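Novice: What follows is a structure written as structure tokens; I'll ask about it next.
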Amino acid sequence: MSGKTEKKLAYAFAAESKASVRNATFAKKAEMEGYSQIARLFRAVADAESVHAHRYLLLMRGKIGSTEENLETAFQNEIRANVEEYPKLIKDAAEEGNRTVLKAFSQARDVESLHAELYKKALNDMVSDRETDYYVCQVCGYISEDEAPQRCPICSAVKDKFKRVS
Ligand SMILES: [Fe+2]
Ligand SMILES: [Fe+2]
């Protein structure tokens, strides 16, 4: 594959990924406004854009490895977000005095290091036969194993705000 095609795939992957999340967010807004059928449409299109994004990522060279390699990549990405990327974003938001954005970035930074821990644990015990569900805080992205906490330890969201991933 030429470098040019590689770049086009990377571009299409990023665009479709964004479109997917954007449509899913449009769906949430439609739901809040009482348009459940339109919300369904946005969710369906979000899913379709996600199909495109997956397809392109699988075609890109060297992006998807073995599960062990992917765990290591995912671990490194979380660490980078926690120690390099978010601290810069937090500094800028603090300088601008935007407290809402600062809170969102700060909570995400804290959550990323916890994601890294989950990956590390999985890497250390890939053949474990322990099965657990995960509960994801829909406000800040904190992940709890086994059951949802009464309150999110990062953002204080109530138990109802956790989504089970099995
Ligand atoms: Fe993360
Ligand atoms: Fe949270």
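Chains: A, B, ... in order of the structure tokens. Residues: from 1 per chain. Ligands: from 1, in order shown.
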Using only C-alpha atoms and all ligand atoms, which protein or nucleic acid residues are at most 7 Å from ligand 2, as a list in words?

Specialist: Cys137, Gln138, Val139, Cys140, Gly141, Tyr142, Cys152, Pro153, Ile154, Cys155, Ser156 and Ala157 of chain A

Novice: Under the rule of at most 12 Å, produce a per-residue listing of chain A near ligand 1: chain, number, name, the closest pair of atoms, and the distance in Å, as CSV, using only C-alpha atoms and all ligand atoms.

Specialist:
residue,atom,partner,partner_atom_place_in_ligand_line,distance
A:Thr73,CA,ligand 1,1 (Fe),11.9
A:Ala74,CA,ligand 1,1 (Fe),8.4
A:Phe75,CA,ligand 1,1 (Fe),8.8
A:Gln76,CA,ligand 1,1 (Fe),10.3
A:Asn77,CA,ligand 1,1 (Fe),7.9
A:Glu78,CA,ligand 1,1 (Fe),5.3
A:Ile79,CA,ligand 1,1 (Fe),8.7
A:Arg80,CA,ligand 1,1 (Fe),10.0
A:Ala81,CA,ligand 1,1 (Fe),7.7
A:Asn82,CA,ligand 1,1 (Fe),8.5
A:Glu85,CA,ligand 1,1 (Fe),11.8
A:Tyr86,CA,ligand 1,1 (Fe),11.1
A:Phe105,CA,ligand 1,1 (Fe),11.8
A:Gln107,CA,ligand 1,1 (Fe),10.8
A:Ala108,CA,ligand 1,1 (Fe),7.5
A:Arg109,CA,ligand 1,1 (Fe),8.2
A:Asp110,CA,ligand 1,1 (Fe),9.1
A:Val111,CA,ligand 1,1 (Fe),6.4
A:Glu112,CA,ligand 1,1 (Fe),4.1
A:Ser113,CA,ligand 1,1 (Fe),7.3
A:Leu114,CA,ligand 1,1 (Fe),7.7
A:His115,CA,ligand 1,1 (Fe),5.1
A:Ala116,CA,ligand 1,1 (Fe),7.2
A:Glu117,CA,ligand 1,1 (Fe),10.1
A:Leu118,CA,ligand 1,1 (Fe),9.9
A:Tyr119,CA,ligand 1,1 (Fe),9.9
A:Val136,CA,ligand 1,1 (Fe),11.2
A:Cys140,CA,ligand 1,1 (Fe),10.2
A:Gly141,CA,ligand 1,1 (Fe),7.6
A:Tyr142,CA,ligand 1,1 (Fe),8.5
A:Ile143,CA,ligand 1,1 (Fe),9.4

Novice: Okay, now the selection with N, CA, C and O atoms, as a short mmCIF file (atom, residue, chain, number, x, y, z; two decimals), in the first residue's frame?

Specialist:
data_model
loop_
_atom_site.label_atom_id
_atom_site.label_comp_id
_atom_site.auth_asym_id
_atom_site.auth_seq_id
_atom_site.Cartn_x
_atom_site.Cartn_y
_atom_site.Cartn_z
N THR A 73 -0.24 -1.55 23.83
CA THR A 73 -0.49 -0.28 23.14
C THR A 73 -1.52 0.55 23.90
O THR A 73 -1.35 1.75 24.13
N ALA A 74 -2.61 -0.12 24.29
CA ALA A 74 -3.69 0.57 25.01
C ALA A 74 -3.17 1.12 26.33
O ALA A 74 -3.48 2.25 26.72
N PHE A 75 -2.33 0.31 27.02
CA PHE A 75 -1.72 0.75 28.29
C PHE A 75 -0.87 2.00 28.07
O PHE A 75 -1.02 3.00 28.78
N GLN A 76 -0.01 1.95 27.05
CA GLN A 76 0.88 3.10 26.77
C GLN A 76 0.07 4.34 26.40
O GLN A 76 0.44 5.46 26.78
N ASN A 77 -1.01 4.15 25.65
CA ASN A 77 -1.85 5.30 25.26
C ASN A 77 -2.47 5.98 26.48
O ASN A 77 -2.56 7.20 26.55
N GLU A 78 -2.92 5.15 27.43
CA GLU A 78 -3.52 5.72 28.65
C GLU A 78 -2.48 6.49 29.46
O GLU A 78 -2.75 7.56 29.98
N ILE A 79 -1.29 5.91 29.55
CA ILE A 79 -0.20 6.56 30.30
C ILE A 79 0.14 7.90 29.64
O ILE A 79 0.30 8.92 30.32
N ARG A 80 0.25 7.88 28.31
CA ARG A 80 0.59 9.12 27.59
C ARG A 80 -0.48 10.18 27.83
O ARG A 80 -0.18 11.36 28.08
N ALA A 81 -1.74 9.77 27.76
CA ALA A 81 -2.83 10.71 28.00
C ALA A 81 -2.74 11.28 29.42
O ALA A 81 -2.91 12.48 29.64
N ASN A 82 -2.41 10.40 30.36
CA ASN A 82 -2.36 10.80 31.77
C ASN A 82 -1.18 11.72 32.10
O ASN A 82 -1.33 12.70 32.81
N GLU A 85 -0.55 14.34 27.65
CA GLU A 85 -1.56 15.09 26.91
C GLU A 85 -2.49 15.90 27.82
O GLU A 85 -2.64 17.11 27.64
N TYR A 86 -3.11 15.23 28.79
CA TYR A 86 -4.06 15.96 29.64
C TYR A 86 -3.40 17.06 30.47
O TYR A 86 -3.98 18.15 30.58
N PHE A 105 -11.38 17.91 31.85
CA PHE A 105 -10.02 17.43 31.54
C PHE A 105 -9.38 16.77 32.76
O PHE A 105 -8.72 15.73 32.64
N GLN A 107 -10.80 15.36 35.40
CA GLN A 107 -11.40 14.05 35.72
C GLN A 107 -10.95 13.01 34.70
O GLN A 107 -10.65 11.87 35.05
N ALA A 108 -10.88 13.40 33.43
CA ALA A 108 -10.45 12.46 32.40
C ALA A 108 -9.00 12.02 32.66
O ALA A 108 -8.67 10.84 32.56
N ARG A 109 -8.14 12.97 33.03
CA ARG A 109 -6.75 12.61 33.32
C ARG A 109 -6.68 11.56 34.43
O ARG A 109 -5.96 10.57 34.31
N ASP A 110 -7.45 11.78 35.49
CA ASP A 110 -7.43 10.84 36.62
C ASP A 110 -7.95 9.46 36.19
O ASP A 110 -7.42 8.43 36.60
N VAL A 111 -8.99 9.49 35.37
CA VAL A 111 -9.59 8.23 34.92
C VAL A 111 -8.62 7.46 34.01
O VAL A 111 -8.54 6.23 34.09
N GLU A 112 -7.85 8.17 33.19
CA GLU A 112 -6.92 7.49 32.27
C GLU A 112 -5.91 6.64 33.03
O GLU A 112 -5.55 5.55 32.58
N SER A 113 -5.43 7.13 34.17
CA SER A 113 -4.45 6.33 34.89
C SER A 113 -5.10 5.07 35.46
O SER A 113 -4.45 4.03 35.58
N LEU A 114 -6.38 5.16 35.78
CA LEU A 114 -7.09 3.97 36.27
C LEU A 114 -7.34 2.98 35.13
O LEU A 114 -7.29 1.76 35.31
N HIS A 115 -7.60 3.52 33.94
CA HIS A 115 -7.71 2.64 32.76
C HIS A 115 -6.39 1.91 32.55
O HIS A 115 -6.36 0.70 32.26
N ALA A 116 -5.29 2.64 32.69
CA ALA A 116 -3.97 2.04 32.52
C ALA A 116 -3.79 0.88 33.50
O ALA A 116 -3.28 -0.19 33.14
N GLU A 117 -4.24 1.08 34.74
CA GLU A 117 -4.11 0.02 35.75
C GLU A 117 -4.91 -1.23 35.35
O GLU A 117 -4.44 -2.36 35.56
N LEU A 118 -6.09 -1.01 34.81
CA LEU A 118 -6.91 -2.16 34.37
C LEU A 118 -6.19 -2.93 33.27
O LEU A 118 -6.19 -4.16 33.25
N TYR A 119 -5.59 -2.21 32.34
CA TYR A 119 -4.84 -2.87 31.26
C TYR A 119 -3.63 -3.62 31.80
O TYR A 119 -3.33 -4.71 31.37
N VAL A 136 -19.28 1.44 33.64
CA VAL A 136 -18.63 2.66 33.18
C VAL A 136 -19.45 3.89 33.57
O VAL A 136 -20.64 3.99 33.22
N CYS A 140 -17.92 10.61 33.66
CA CYS A 140 -16.47 10.86 33.59
C CYS A 140 -15.67 9.71 32.97
O CYS A 140 -14.48 9.89 32.70
N GLY A 141 -16.27 8.55 32.78
CA GLY A 141 -15.54 7.44 32.16
C GLY A 141 -14.81 6.53 33.15
O GLY A 141 -14.09 5.62 32.74
N TYR A 142 -15.01 6.76 34.44
CA TYR A 142 -14.41 5.85 35.44
C TYR A 142 -15.01 4.46 35.27
O TYR A 142 -16.20 4.32 35.00
N ILE A 143 -14.16 3.44 35.42
CA ILE A 143 -14.63 2.06 35.26
C ILE A 143 -14.51 1.31 36.58
O ILE A 143 -13.44 1.28 37.20
#

Novice: Neighbours of region 24-29 of chain A within 6 Å (only C-alpha atoms; same-chain residues fewer than 4 positions away dropped), as a VMD selection string?

Specialist: chain A and resid 39 42 to 43 46

Novice: Would you please extract all strand (DSSP E) residues from chain A, as assigned by DSSP on the backbone, and give them as an MDAnalysis selection string?

Specialist: chainID A and resid 134:137 143:145 162:165

Novice: Determine, counting only C-alpha atoms, which protein, DNA and RNA residues have an atom within 7 Å of an atom of region 47-53 of chain A; residues of the same chain fewer than 4 positions away are not included. Present the result as a ChimeraX atom specification.

Specialist: /A:13,16-17,19-20,43,57

Novice: Just the selected residues (N, CA and C atoms), exported as a PDB file, in the first residue's frame, please.

Specialist:
ATOM      1  N   PHE A  13     -10.461   7.203   8.741  1.00  0.00           N
ATOM      2  CA  PHE A  13     -10.670   6.592  10.061  1.00  0.00           C
ATOM      3  C   PHE A  13     -10.990   7.675  11.098  1.00  0.00           C
ATOM      4  N   GLU A  16     -14.517   9.295  10.344  1.00  0.00           N
ATOM      5  CA  GLU A  16     -15.646   8.405  10.667  1.00  0.00           C
ATOM      6  C   GLU A  16     -15.781   8.200  12.181  1.00  0.00           C
ATOM      7  N   SER A  17     -14.640   8.148  12.865  1.00  0.00           N
ATOM      8  CA  SER A  17     -14.681   8.005  14.328  1.00  0.00           C
ATOM      9  C   SER A  17     -15.380   9.211  14.943  1.00  0.00           C
ATOM     10  N   ALA A  19     -17.442  11.274  13.432  1.00  0.00           N
ATOM     11  CA  ALA A  19     -18.843  11.312  13.006  1.00  0.00           C
ATOM     12  C   ALA A  19     -19.671  10.362  13.867  1.00  0.00           C
ATOM     13  N   SER A  20     -19.088   9.223  14.208  1.00  0.00           N
ATOM     14  CA  SER A  20     -19.801   8.247  15.023  1.00  0.00           C
ATOM     15  C   SER A  20     -20.137   8.827  16.400  1.00  0.00           C
ATOM     16  N   ARG A  43     -28.535   6.987  16.396  1.00  0.00           N
ATOM     17  CA  ARG A  43     -27.754   5.848  16.916  1.00  0.00           C
ATOM     18  C   ARG A  43     -27.418   4.876  15.787  1.00  0.00           C
ATOM     19  N   LEU A  57      -9.537   1.053  10.027  1.00  0.00           N
ATOM     20  CA  LEU A  57      -8.453   0.770  10.980  1.00  0.00           C
ATOM     21  C   LEU A  57      -7.850  -0.610  10.722  1.00  0.00           C
TER      22      LEU A  57
END

Novice: In Å, with one decimal, what is the gap from CA of Thr5 (chain A) to CA of Met60 (chain A)?

Specialist: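 Between CA of Thr5 (chain A) and CA of Met60 (chain A) the gap works out to 9.2 Å.
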
Novice: Go through A:Met126, A:Val21, A:Val45, A:Ile90 and flag the residue nearest Lys103 (chain A), using only C-alpha atoms for the distances.

Specialist: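 Nearest to Lys103 (chain A): A:Ile90.
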
Novice: At what distance in Å, to one decimal, does CA of Lys120 (chain A) lie from CA of Leu102 (chain A)?

Specialist: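 Going from CA of Leu102 (chain A) over to CA of Lys120 (chain A) covers 27.4 Å.
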